[in-house]
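Everything on this sheet refers to the single structure shown next.
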Amino acid sequence: MKVALYYPWIYLTSGAERLILELTARSRHEWTLFTSHYDPEHTFPGFRERRIVELPRVSVGRRLGAVLLAGWRILTQRLPTDTYDALLVVCEGLGDLAVFRNGGRPVLCCCLTPLRMAFDPGYQARVLERSGLAGRLALRVAAVFFRWIDRRAWRRYRHVFFISREAERRAVGGGLRPSGGTEILHPGAGIAAARPGEAFEPFFLVAGRIMWTKNVELGIRAFQRFRALRPALDRFRLVIAGIVDDKSRPYLTRLRALAEDDPRIEFRLFPTDAALAELYATCYGVLFTPFNEDWGMVPLEAMAFGKPVVAVNCGGPLESIQDGIQGFLAPAEPEAFAERMARLADDPAEAARMGRAGVERARAFSWEIFAARIDHVVETVAAAPAPAARGRDEDSPVGGPGRAPAAPR
């Protein structure tokens with residue numbers, strides 16, 4: 001079976017790109033990846049082995065004007081999918097807009113999250129705090145409009161896979177309802193562990209993209225508080241390892257200032273998978289700091305390497321970590337994180353016990369199961385009769401699949 005996959009931008013080594021690679025590596029179908037922004041130099045090398053069709057490029061900028069222009073281009077573009085059996089949209093928000101001009105084949109969705117600015121109140125509040133009065137007004141209006149159009153886009157999905165209950169909660173709360181079924185399908189770990197790490201060297205690891213939504217400053221402040229709580233444990237270090245794209249470099253500068261040139265706080269930028277694996281294998285424990293994360297592969301990776309995790313007690317970690325067994329779920333406060341870090345540092349036996357429990361827990365999240373389930377549902381949906389077509393005015397802001405898009409005003 002030939003399946004088309006659309007994801008707006010393949011340009012980083014993030015969880016979305018990892019999911020696409022793992023799915024297409026294990027699927028029994030033939031996949032073509034359509035994207036509106038492909039950067040082979042800064043994403044995973046494995047994409048060079050995939051069939052990729054780059055459409056007219058859209059910006060990856062997050063300023064409102066750039067997002068609106070990208071949304072318009074995605075909304076009005078038509079994918080060359082006439083020879084495919086189905087289309088899977090991997091969605092973090094704007095990808096949904098591709099369905100309006102591409103309804104000739106059954107369309108499914110793998111929902112990483114609905115657009116957080118429109119459907120995640122906590123995220124929205126943080127964005128608005130960072131904006132001026134005019135910016136807040138523009139963002140609120142844009143969010144209202146996007147919710148309206150996205151609800152119509154979702155009616156065209158014949159099936160939706162949510163990667164977590166958190167992603168499902170945002171969609172249901174925002175009134176996003178597909179025409180067919182839904183289910184939760186958890187991804188696996190991004191970096192595989194041949195065997196658990198046996199070394200517990202005195203450093204805590206913060207891994208993943210370095211950007212403001214990852215709340216890395218919580219890890220730095222927690223480490224500083226941990227050192228104040230346990231001055232005798234001055235051998236402990238904090239290692240922050242991850243990629244930084246251009247728009248996040250000012251954030252990295254703020255993090256370095258917060259670290260105050262402390263030699264015990266290290267930044268490892270753009271680590272390879274092999275370098276990350278070595279850090280996981282040798283660290284004492286992993287800190288997972290993002291607020292309200294959609295899912296989070298980092299806790300799974302830490303558990304696969306046999307290391308305890310201290311994670312924020314909301315979002316995806318609530319589904320992957322059992323508090324007190326594979327690690328700790330804690331409020332997003334430096335004092336709470338520091339207390340758990342001190343507890344682990346004080347009791348190496350408990351840290352090792354949690355690491356062993358994590359190895360067992362990580363085995364429950366399998367890419368083979370993930371890919372096999374998507375394969376099965378794609379086949380079922382592609383073989384089923386198409387539902388009755390909806391009217392143009394009800395469903396599409398730009399016209400049906402056979403019409404040319406209206407010109408922007």
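Ordered as shown in the structure tokens, chains take letters A, B, and onward, while each chain numbers its residues from 1 and ligands are numbered from 1 in the order shown.
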
Inset, instruction - Name the residues in contact with range 209-224 of chain A at a cut-off of 8 Å, using only C-alpha atoms, excluding same-chain residues fewer than 5 positions from it; report them as a PyMOL selection string. - result: chain A and resi 14+238+241-244+248+251-252+255+258-259+265+287-291+332-338

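Around Val58 in chain A, within 9 Å and counting only C-alpha atoms, the residues found are Pro8, Trp9, Ser36, His37, Ala66, Val67, Leu69, Ala70, Gly71, Arg73 and Ile74 of chain A, once anything fewer than 5 positions away on its own chain is removed.
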
Inset, instruction - Could you check which of A:Leu139, A:Val3, A:Ala304, A:Leu115 is closest to Pro80 in chain A, using only C-alpha atoms? - result: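 Ranked by minimum distance to Pro80 in chain A, first place goes to A:Val3.
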
Legend entry - Non-local contacts of Ala362 in chain A (10 Å; only C-alpha atoms; under 5 positions in same chain excluded) as a PyMOL selection string: chain A and resi 188-189+299-306+320-321+326+357

Let me see the file: selected residues, all heavy atoms, as a short mmCIF file (atom, residue, chain, number, x, y, z; two decimals), in the first residue's frame.
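Generated file (part.cif):
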```cif
data_model
loop_
_atom_site.label_atom_id
_atom_site.label_comp_id
_atom_site.auth_asym_id
_atom_site.auth_seq_id
_atom_site.Cartn_x
_atom_site.Cartn_y
_atom_site.Cartn_z
N GLY A 188 7.43 5.26 21.22
CA GLY A 188 8.49 4.66 22.00
C GLY A 188 9.58 5.65 22.33
O GLY A 188 9.42 6.87 22.18
N ALA A 189 10.71 5.14 22.79
CA ALA A 189 11.87 5.97 23.13
C ALA A 189 12.62 6.37 21.86
O ALA A 189 12.68 5.60 20.90
CB ALA A 189 12.80 5.23 24.08
N PRO A 299 11.86 11.00 29.19
CA PRO A 299 11.69 10.07 30.31
C PRO A 299 11.79 8.61 29.89
O PRO A 299 12.37 7.79 30.61
CB PRO A 299 10.29 10.40 30.84
CG PRO A 299 10.09 11.84 30.49
CD PRO A 299 10.75 11.99 29.15
N LEU A 300 11.27 8.26 28.72
CA LEU A 300 11.38 6.89 28.24
C LEU A 300 12.83 6.52 27.98
O LEU A 300 13.27 5.40 28.29
CB LEU A 300 10.57 6.70 26.96
CG LEU A 300 9.05 6.79 27.04
CD1 LEU A 300 8.46 6.44 25.68
CD2 LEU A 300 8.51 5.88 28.11
N GLU A 301 13.57 7.44 27.39
CA GLU A 301 14.99 7.17 27.11
C GLU A 301 15.75 6.97 28.42
O GLU A 301 16.57 6.05 28.55
CB GLU A 301 15.57 8.32 26.30
CG GLU A 301 15.00 8.40 24.89
CD GLU A 301 15.34 9.68 24.16
OE1 GLU A 301 15.88 10.61 24.78
OE2 GLU A 301 15.04 9.76 22.95
N ALA A 302 15.49 7.84 29.40
CA ALA A 302 16.15 7.71 30.69
C ALA A 302 15.84 6.35 31.32
O ALA A 302 16.74 5.66 31.83
CB ALA A 302 15.71 8.84 31.62
N MET A 303 14.57 5.94 31.29
CA MET A 303 14.19 4.67 31.89
C MET A 303 14.81 3.50 31.13
O MET A 303 15.24 2.51 31.74
CB MET A 303 12.67 4.55 31.93
CG MET A 303 12.02 5.50 32.94
SD MET A 303 10.25 5.22 33.19
CE MET A 303 9.55 5.87 31.68
N ALA A 304 14.87 3.60 29.80
CA ALA A 304 15.47 2.52 29.02
C ALA A 304 16.94 2.32 29.38
O ALA A 304 17.47 1.21 29.32
CB ALA A 304 15.33 2.81 27.53
N PHE A 305 17.62 3.41 29.77
CA PHE A 305 19.01 3.32 30.19
C PHE A 305 19.16 3.03 31.68
O PHE A 305 20.27 3.05 32.21
CB PHE A 305 19.75 4.62 29.83
CG PHE A 305 20.19 4.68 28.39
CD1 PHE A 305 19.36 5.23 27.42
CD2 PHE A 305 21.41 4.18 27.99
CE1 PHE A 305 19.75 5.29 26.09
CE2 PHE A 305 21.82 4.24 26.67
CZ PHE A 305 20.98 4.79 25.71
N GLY A 306 18.04 2.81 32.36
CA GLY A 306 18.10 2.42 33.76
C GLY A 306 18.39 3.55 34.71
O GLY A 306 19.02 3.34 35.76
N SER A 320 3.67 8.13 31.67
CA SER A 320 4.83 7.24 31.50
C SER A 320 5.54 6.92 32.80
O SER A 320 6.16 5.85 32.92
CB SER A 320 5.83 7.88 30.51
OG SER A 320 6.28 9.14 30.97
N ILE A 321 5.46 7.79 33.80
CA ILE A 321 6.21 7.61 35.04
C ILE A 321 5.24 7.33 36.19
O ILE A 321 4.23 8.02 36.35
CB ILE A 321 7.04 8.86 35.38
CG1 ILE A 321 8.04 9.16 34.26
CG2 ILE A 321 7.77 8.69 36.71
CD1 ILE A 321 8.69 10.52 34.38
N GLN A 326 9.63 4.60 39.21
CA GLN A 326 10.71 4.83 38.24
C GLN A 326 11.39 6.18 38.46
O GLN A 326 12.34 6.52 37.75
CB GLN A 326 10.18 4.77 36.80
CG GLN A 326 9.58 3.44 36.42
CD GLN A 326 8.09 3.38 36.70
OE1 GLN A 326 7.44 4.41 36.90
NE2 GLN A 326 7.53 2.17 36.70
N ALA A 357 13.51 -0.45 37.79
CA ALA A 357 12.06 -0.40 37.52
C ALA A 357 11.78 0.34 36.22
O ALA A 357 10.84 0.01 35.48
CB ALA A 357 11.33 0.26 38.68
#
```

Legend entry - Residue with smallest distance to Val206 in chain A - pool A:Leu21, A:Ala257, A:Ile191, A:Val239, counting only C-alpha atoms: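 Answer, going by the shortest atom-to-atom distance: A:Val239.
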
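Take CA of Ile240 in chain A and CA of Ile20 in chain A: the distance between them is 25.2 Å.
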
Legend entry - DSSP helix (DSSP H, G or I) residues within range 214-255 of chain A, listed as a PyMOL selection string: chain A and resi 214+216-229+231-233+246-255

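What separates CA of Leu205 in chain A from CA of Glu293 in chain A is a distance of 17.6 Å.
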
Inset, instruction - Give me the residues within 12 Å of Leu64 in chain A as number ranges by chain, counting only C-alpha atoms and dropping any in the same chain fewer than 4 places off. - result: A: 59-60, 68-71, 117, 127, 131, 134-143

Legend entry - Test item: residues at most 9 Å from range 284-286 of chain A, only C-alpha atoms, excluding those fewer than 3 positions along its chain, as a ChimeraX atom specification: /A:199-207,280-281,298-299,302,307-311,327,341,344-345,348,351,355

Keeping N, CA, C and O atoms for every residue in the selection just given, could you write it to a file as a short mmCIF file (atom, residue, chain, number, x, y, z; two decimals), in the first residue's frame?
```cif
data_model
loop_
_atom_site.label_atom_id
_atom_site.label_comp_id
_atom_site.auth_asym_id
_atom_site.auth_seq_id
_atom_site.Cartn_x
_atom_site.Cartn_y
_atom_site.Cartn_z
N ALA A 199 26.84 2.60 35.12
CA ALA A 199 27.55 3.65 35.86
C ALA A 199 26.56 4.70 36.34
O ALA A 199 25.61 5.06 35.64
N PHE A 200 26.77 5.19 37.55
CA PHE A 200 25.99 6.29 38.10
C PHE A 200 26.96 7.39 38.52
O PHE A 200 27.30 7.56 39.67
N GLU A 201 27.44 8.11 37.50
CA GLU A 201 28.39 9.18 37.77
C GLU A 201 27.65 10.39 38.36
O GLU A 201 26.45 10.57 38.13
N PRO A 202 28.35 11.23 39.12
CA PRO A 202 27.67 12.31 39.85
C PRO A 202 27.29 13.50 38.97
O PRO A 202 27.87 14.58 39.07
N PHE A 203 26.34 13.29 38.09
CA PHE A 203 25.76 14.43 37.36
C PHE A 203 24.33 14.12 36.97
O PHE A 203 23.97 12.98 36.70
N PHE A 204 23.50 15.16 37.02
CA PHE A 204 22.13 15.09 36.55
C PHE A 204 22.08 15.62 35.12
O PHE A 204 22.81 16.55 34.77
N LEU A 205 21.20 15.04 34.32
CA LEU A 205 21.13 15.35 32.89
C LEU A 205 19.79 15.99 32.56
O LEU A 205 18.74 15.49 32.97
N VAL A 206 19.84 17.09 31.82
CA VAL A 206 18.66 17.67 31.18
C VAL A 206 18.86 17.50 29.69
O VAL A 206 19.78 18.09 29.11
N ALA A 207 18.03 16.69 29.05
CA ALA A 207 18.22 16.38 27.64
C ALA A 207 17.00 16.85 26.84
O ALA A 207 15.89 16.92 27.35
N TYR A 280 23.19 9.42 28.84
CA TYR A 280 22.16 8.64 29.53
C TYR A 280 22.77 7.47 30.30
O TYR A 280 22.37 7.16 31.42
N ALA A 281 23.72 6.80 29.68
CA ALA A 281 24.29 5.59 30.28
C ALA A 281 25.10 5.88 31.53
O ALA A 281 25.24 5.01 32.40
N VAL A 298 12.06 11.87 26.39
CA VAL A 298 13.21 11.86 27.28
C VAL A 298 13.00 10.97 28.50
O VAL A 298 13.90 10.18 28.84
N PRO A 299 11.86 11.00 29.19
CA PRO A 299 11.69 10.07 30.31
C PRO A 299 11.79 8.61 29.89
O PRO A 299 12.37 7.79 30.61
N ALA A 302 15.49 7.84 29.40
CA ALA A 302 16.15 7.71 30.69
C ALA A 302 15.84 6.35 31.32
O ALA A 302 16.74 5.66 31.83
N LYS A 307 17.91 4.76 34.40
CA LYS A 307 18.18 5.91 35.26
C LYS A 307 16.87 6.50 35.80
O LYS A 307 15.87 6.59 35.07
N PRO A 308 16.86 6.91 37.06
CA PRO A 308 15.65 7.51 37.63
C PRO A 308 15.38 8.88 37.03
O PRO A 308 16.30 9.57 36.58
N VAL A 309 14.11 9.27 37.02
CA VAL A 309 13.69 10.52 36.41
C VAL A 309 12.98 11.38 37.46
O VAL A 309 12.15 10.89 38.23
N VAL A 310 13.31 12.67 37.47
CA VAL A 310 12.53 13.65 38.22
C VAL A 310 11.84 14.52 37.18
O VAL A 310 12.50 15.20 36.39
N ALA A 311 10.51 14.44 37.13
CA ALA A 311 9.75 15.11 36.07
C ALA A 311 8.64 15.97 36.65
O ALA A 311 8.15 15.73 37.77
N GLY A 327 10.90 6.93 39.40
CA GLY A 327 11.42 8.27 39.66
C GLY A 327 10.40 9.05 40.45
O GLY A 327 9.59 8.47 41.18
N MET A 341 16.08 15.47 44.04
CA MET A 341 17.46 15.23 43.63
C MET A 341 18.31 14.86 44.84
O MET A 341 19.14 13.94 44.79
N LEU A 344 17.65 11.26 45.93
CA LEU A 344 18.35 10.29 45.09
C LEU A 344 19.85 10.28 45.41
O LEU A 344 20.46 9.21 45.50
N ALA A 345 20.44 11.46 45.55
CA ALA A 345 21.87 11.53 45.82
C ALA A 345 22.23 10.93 47.17
O ALA A 345 23.31 10.34 47.33
N PRO A 348 22.00 5.98 46.96
CA PRO A 348 22.33 5.33 45.67
C PRO A 348 21.55 4.04 45.44
O PRO A 348 21.23 3.71 44.29
N ALA A 351 18.24 4.99 43.99
CA ALA A 351 18.41 5.43 42.60
C ALA A 351 18.56 4.23 41.68
O ALA A 351 17.95 4.17 40.59
N GLY A 355 16.03 2.88 38.77
CA GLY A 355 16.54 2.65 37.42
C GLY A 355 16.13 1.30 36.89
O GLY A 355 15.71 1.18 35.72
#
```

Legend entry - Those of range 133-320 of chain A in DSSP strand (DSSP E), formatted as a VMD selection string: chain A and resid 159 to 162 181 to 184 203 to 207 237 to 242 265 to 269 285 to 288 309 to 312

Inset, instruction - Quick one: pull the distance between CA of Gly104 in chain A and CA of Ala25 in chain A, Å, one decimal. - result: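 One can read the CA of Gly104 in chain A to CA of Ala25 in chain A distance as 26.1 Å.
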
Legend entry - Nearest to Trp31 in chain A, chosen from A:Leu176, A:Ala86, A:Leu185, A:Leu55, with only C-alpha atoms counted in the distances: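 Nearest to Trp31 in chain A: A:Ala86.
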
Legend entry - Pick from A:Leu5, A:Ile10, A:Leu279, A:Leu269, whichever lies nearest to Glu30 in chain A using only C-alpha atoms: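 Under the stated criterion, the closest residue is A:Leu5.
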
Legend entry - For Ala352 in chain A, the nearest of the candidates A:Val53, A:Val107, A:Gln77, A:Glu198, counting only C-alpha atoms: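 Looking only at the distances to Ala352 in chain A, the closest residue turns out to be A:Glu198.
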
Inset, instruction - Name the closest residue to Glu339 in chain A among the candidates A:Phe162, A:Arg50, A:Ala364, A:Leu229; distances are taken between atoms, counting only C-alpha atoms. - result: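 Answer, going by the shortest atom-to-atom distance: A:Leu229.
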
Legend entry - Close residues, range 89-94 of chain A itself excluded, 7 Å, only C-alpha atoms, min 5 positions apart in chain, as a ChimeraX atom specification: /A:5-7,71,108-115

Go ahead and save the picked residues with all heavy atoms, as a PDB file, in the first residue's frame.
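Saved to selection19.pdb:
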```pdb
ATOM      1  N   LEU A   5       2.509  10.916   3.695  1.00  0.00           N
ATOM      2  CA  LEU A   5       2.566  11.516   5.022  1.00  0.00           C
ATOM      3  C   LEU A   5       2.908  12.978   4.854  1.00  0.00           C
ATOM      4  O   LEU A   5       3.847  13.329   4.129  1.00  0.00           O
ATOM      5  CB  LEU A   5       3.605  10.811   5.888  1.00  0.00           C
ATOM      6  CG  LEU A   5       3.763  11.276   7.345  1.00  0.00           C
ATOM      7  CD1 LEU A   5       4.234  10.121   8.229  1.00  0.00           C
ATOM      8  CD2 LEU A   5       4.735  12.464   7.501  1.00  0.00           C
ATOM      9  N   TYR A   6       2.146  13.852   5.529  1.00  0.00           N
ATOM     10  CA  TYR A   6       2.453  15.282   5.488  1.00  0.00           C
ATOM     11  C   TYR A   6       2.800  15.783   6.881  1.00  0.00           C
ATOM     12  O   TYR A   6       2.068  15.562   7.847  1.00  0.00           O
ATOM     13  CB  TYR A   6       1.274  16.104   4.942  1.00  0.00           C
ATOM     14  CG  TYR A   6       1.575  17.596   4.959  1.00  0.00           C
ATOM     15  CD1 TYR A   6       2.494  18.127   4.063  1.00  0.00           C
ATOM     16  CD2 TYR A   6       0.987  18.447   5.893  1.00  0.00           C
ATOM     17  CE1 TYR A   6       2.802  19.475   4.086  1.00  0.00           C
ATOM     18  CE2 TYR A   6       1.295  19.800   5.918  1.00  0.00           C
ATOM     19  CZ  TYR A   6       2.213  20.314   5.022  1.00  0.00           C
ATOM     20  OH  TYR A   6       2.532  21.648   5.046  1.00  0.00           O
ATOM     21  N   TYR A   7       3.949  16.438   6.979  1.00  0.00           N
ATOM     22  CA  TYR A   7       4.352  17.160   8.186  1.00  0.00           C
ATOM     23  C   TYR A   7       4.967  18.469   7.710  1.00  0.00           C
ATOM     24  O   TYR A   7       5.852  18.463   6.847  1.00  0.00           O
ATOM     25  CB  TYR A   7       5.356  16.344   8.999  1.00  0.00           C
ATOM     26  CG  TYR A   7       5.788  17.019  10.273  1.00  0.00           C
ATOM     27  CD1 TYR A   7       4.863  17.349  11.264  1.00  0.00           C
ATOM     28  CD2 TYR A   7       7.126  17.347  10.496  1.00  0.00           C
ATOM     29  CE1 TYR A   7       5.251  17.968  12.438  1.00  0.00           C
ATOM     30  CE2 TYR A   7       7.530  17.968  11.669  1.00  0.00           C
ATOM     31  CZ  TYR A   7       6.582  18.276  12.634  1.00  0.00           C
ATOM     32  OH  TYR A   7       6.979  18.899  13.802  1.00  0.00           O
ATOM     33  N   GLY A  71       0.475  29.317   7.463  1.00  0.00           N
ATOM     34  CA  GLY A  71      -0.846  28.692   7.507  1.00  0.00           C
ATOM     35  C   GLY A  71      -1.606  28.849   6.204  1.00  0.00           C
ATOM     36  O   GLY A  71      -2.258  27.904   5.735  1.00  0.00           O
ATOM     37  N   LEU A 108      -6.029  10.519   7.590  1.00  0.00           N
ATOM     38  CA  LEU A 108      -5.908  10.192   9.001  1.00  0.00           C
ATOM     39  C   LEU A 108      -4.949  11.189   9.654  1.00  0.00           C
ATOM     40  O   LEU A 108      -4.218  11.912   8.962  1.00  0.00           O
ATOM     41  CB  LEU A 108      -5.389   8.774   9.201  1.00  0.00           C
ATOM     42  CG  LEU A 108      -6.170   7.623   8.557  1.00  0.00           C
ATOM     43  CD1 LEU A 108      -5.673   7.364   7.124  1.00  0.00           C
ATOM     44  CD2 LEU A 108      -6.021   6.345   9.376  1.00  0.00           C
ATOM     45  N   CYS A 109      -4.948  11.197  10.982  1.00  0.00           N
ATOM     46  CA  CYS A 109      -4.106  12.140  11.704  1.00  0.00           C
ATOM     47  C   CYS A 109      -3.365  11.435  12.821  1.00  0.00           C
ATOM     48  O   CYS A 109      -3.949  10.634  13.563  1.00  0.00           O
ATOM     49  CB  CYS A 109      -4.967  13.272  12.295  1.00  0.00           C
ATOM     50  SG  CYS A 109      -4.068  14.442  13.343  1.00  0.00           S
ATOM     51  N   CYS A 110      -2.078  11.726  12.938  1.00  0.00           N
ATOM     52  CA  CYS A 110      -1.320  11.381  14.135  1.00  0.00           C
ATOM     53  C   CYS A 110      -1.110  12.692  14.882  1.00  0.00           C
ATOM     54  O   CYS A 110      -0.300  13.535  14.467  1.00  0.00           O
ATOM     55  CB  CYS A 110       0.018  10.734  13.789  1.00  0.00           C
ATOM     56  SG  CYS A 110       0.991  10.286  15.241  1.00  0.00           S
ATOM     57  N   CYS A 111      -1.862  12.890  15.945  1.00  0.00           N
ATOM     58  CA  CYS A 111      -1.899  14.179  16.641  1.00  0.00           C
ATOM     59  C   CYS A 111      -0.875  14.209  17.767  1.00  0.00           C
ATOM     60  O   CYS A 111      -1.053  13.568  18.804  1.00  0.00           O
ATOM     61  CB  CYS A 111      -3.310  14.439  17.177  1.00  0.00           C
ATOM     62  SG  CYS A 111      -3.446  16.012  18.052  1.00  0.00           S
ATOM     63  N   LEU A 112       0.198  14.968  17.553  1.00  0.00           N
ATOM     64  CA  LEU A 112       1.158  15.208  18.619  1.00  0.00           C
ATOM     65  C   LEU A 112       0.562  16.160  19.638  1.00  0.00           C
ATOM     66  O   LEU A 112       0.720  15.989  20.839  1.00  0.00           O
ATOM     67  CB  LEU A 112       2.449  15.783  18.048  1.00  0.00           C
ATOM     68  CG  LEU A 112       3.042  15.067  16.826  1.00  0.00           C
ATOM     69  CD1 LEU A 112       4.356  15.719  16.422  1.00  0.00           C
ATOM     70  CD2 LEU A 112       3.225  13.589  17.096  1.00  0.00           C
ATOM     71  N   THR A 113      -0.115  17.171  19.156  1.00  0.00           N
ATOM     72  CA  THR A 113      -0.902  18.093  19.967  1.00  0.00           C
ATOM     73  C   THR A 113      -1.679  18.991  19.022  1.00  0.00           C
ATOM     74  O   THR A 113      -1.191  19.325  17.944  1.00  0.00           O
ATOM     75  CB  THR A 113      -0.025  18.967  20.873  1.00  0.00           C
ATOM     76  OG1 THR A 113      -0.878  19.899  21.588  1.00  0.00           O
ATOM     77  CG2 THR A 113       1.007  19.760  20.095  1.00  0.00           C
ATOM     78  N   PRO A 114      -2.898  19.388  19.368  1.00  0.00           N
ATOM     79  CA  PRO A 114      -3.506  20.500  18.646  1.00  0.00           C
ATOM     80  C   PRO A 114      -2.652  21.756  18.871  1.00  0.00           C
ATOM     81  O   PRO A 114      -1.838  21.815  19.804  1.00  0.00           O
ATOM     82  CB  PRO A 114      -4.886  20.645  19.303  1.00  0.00           C
ATOM     83  CG  PRO A 114      -5.136  19.357  20.001  1.00  0.00           C
ATOM     84  CD  PRO A 114      -3.779  18.846  20.417  1.00  0.00           C
ATOM     85  N   LEU A 115      -2.819  22.755  18.031  1.00  0.00           N
ATOM     86  CA  LEU A 115      -2.027  23.976  18.145  1.00  0.00           C
ATOM     87  C   LEU A 115      -2.121  24.517  19.567  1.00  0.00           C
ATOM     88  O   LEU A 115      -3.194  24.872  20.042  1.00  0.00           O
ATOM     89  CB  LEU A 115      -2.520  25.018  17.144  1.00  0.00           C
ATOM     90  CG  LEU A 115      -1.672  26.287  17.056  1.00  0.00           C
ATOM     91  CD1 LEU A 115      -0.320  25.988  16.418  1.00  0.00           C
ATOM     92  CD2 LEU A 115      -2.409  27.357  16.263  1.00  0.00           C
TER      93      LEU A 115
END
```
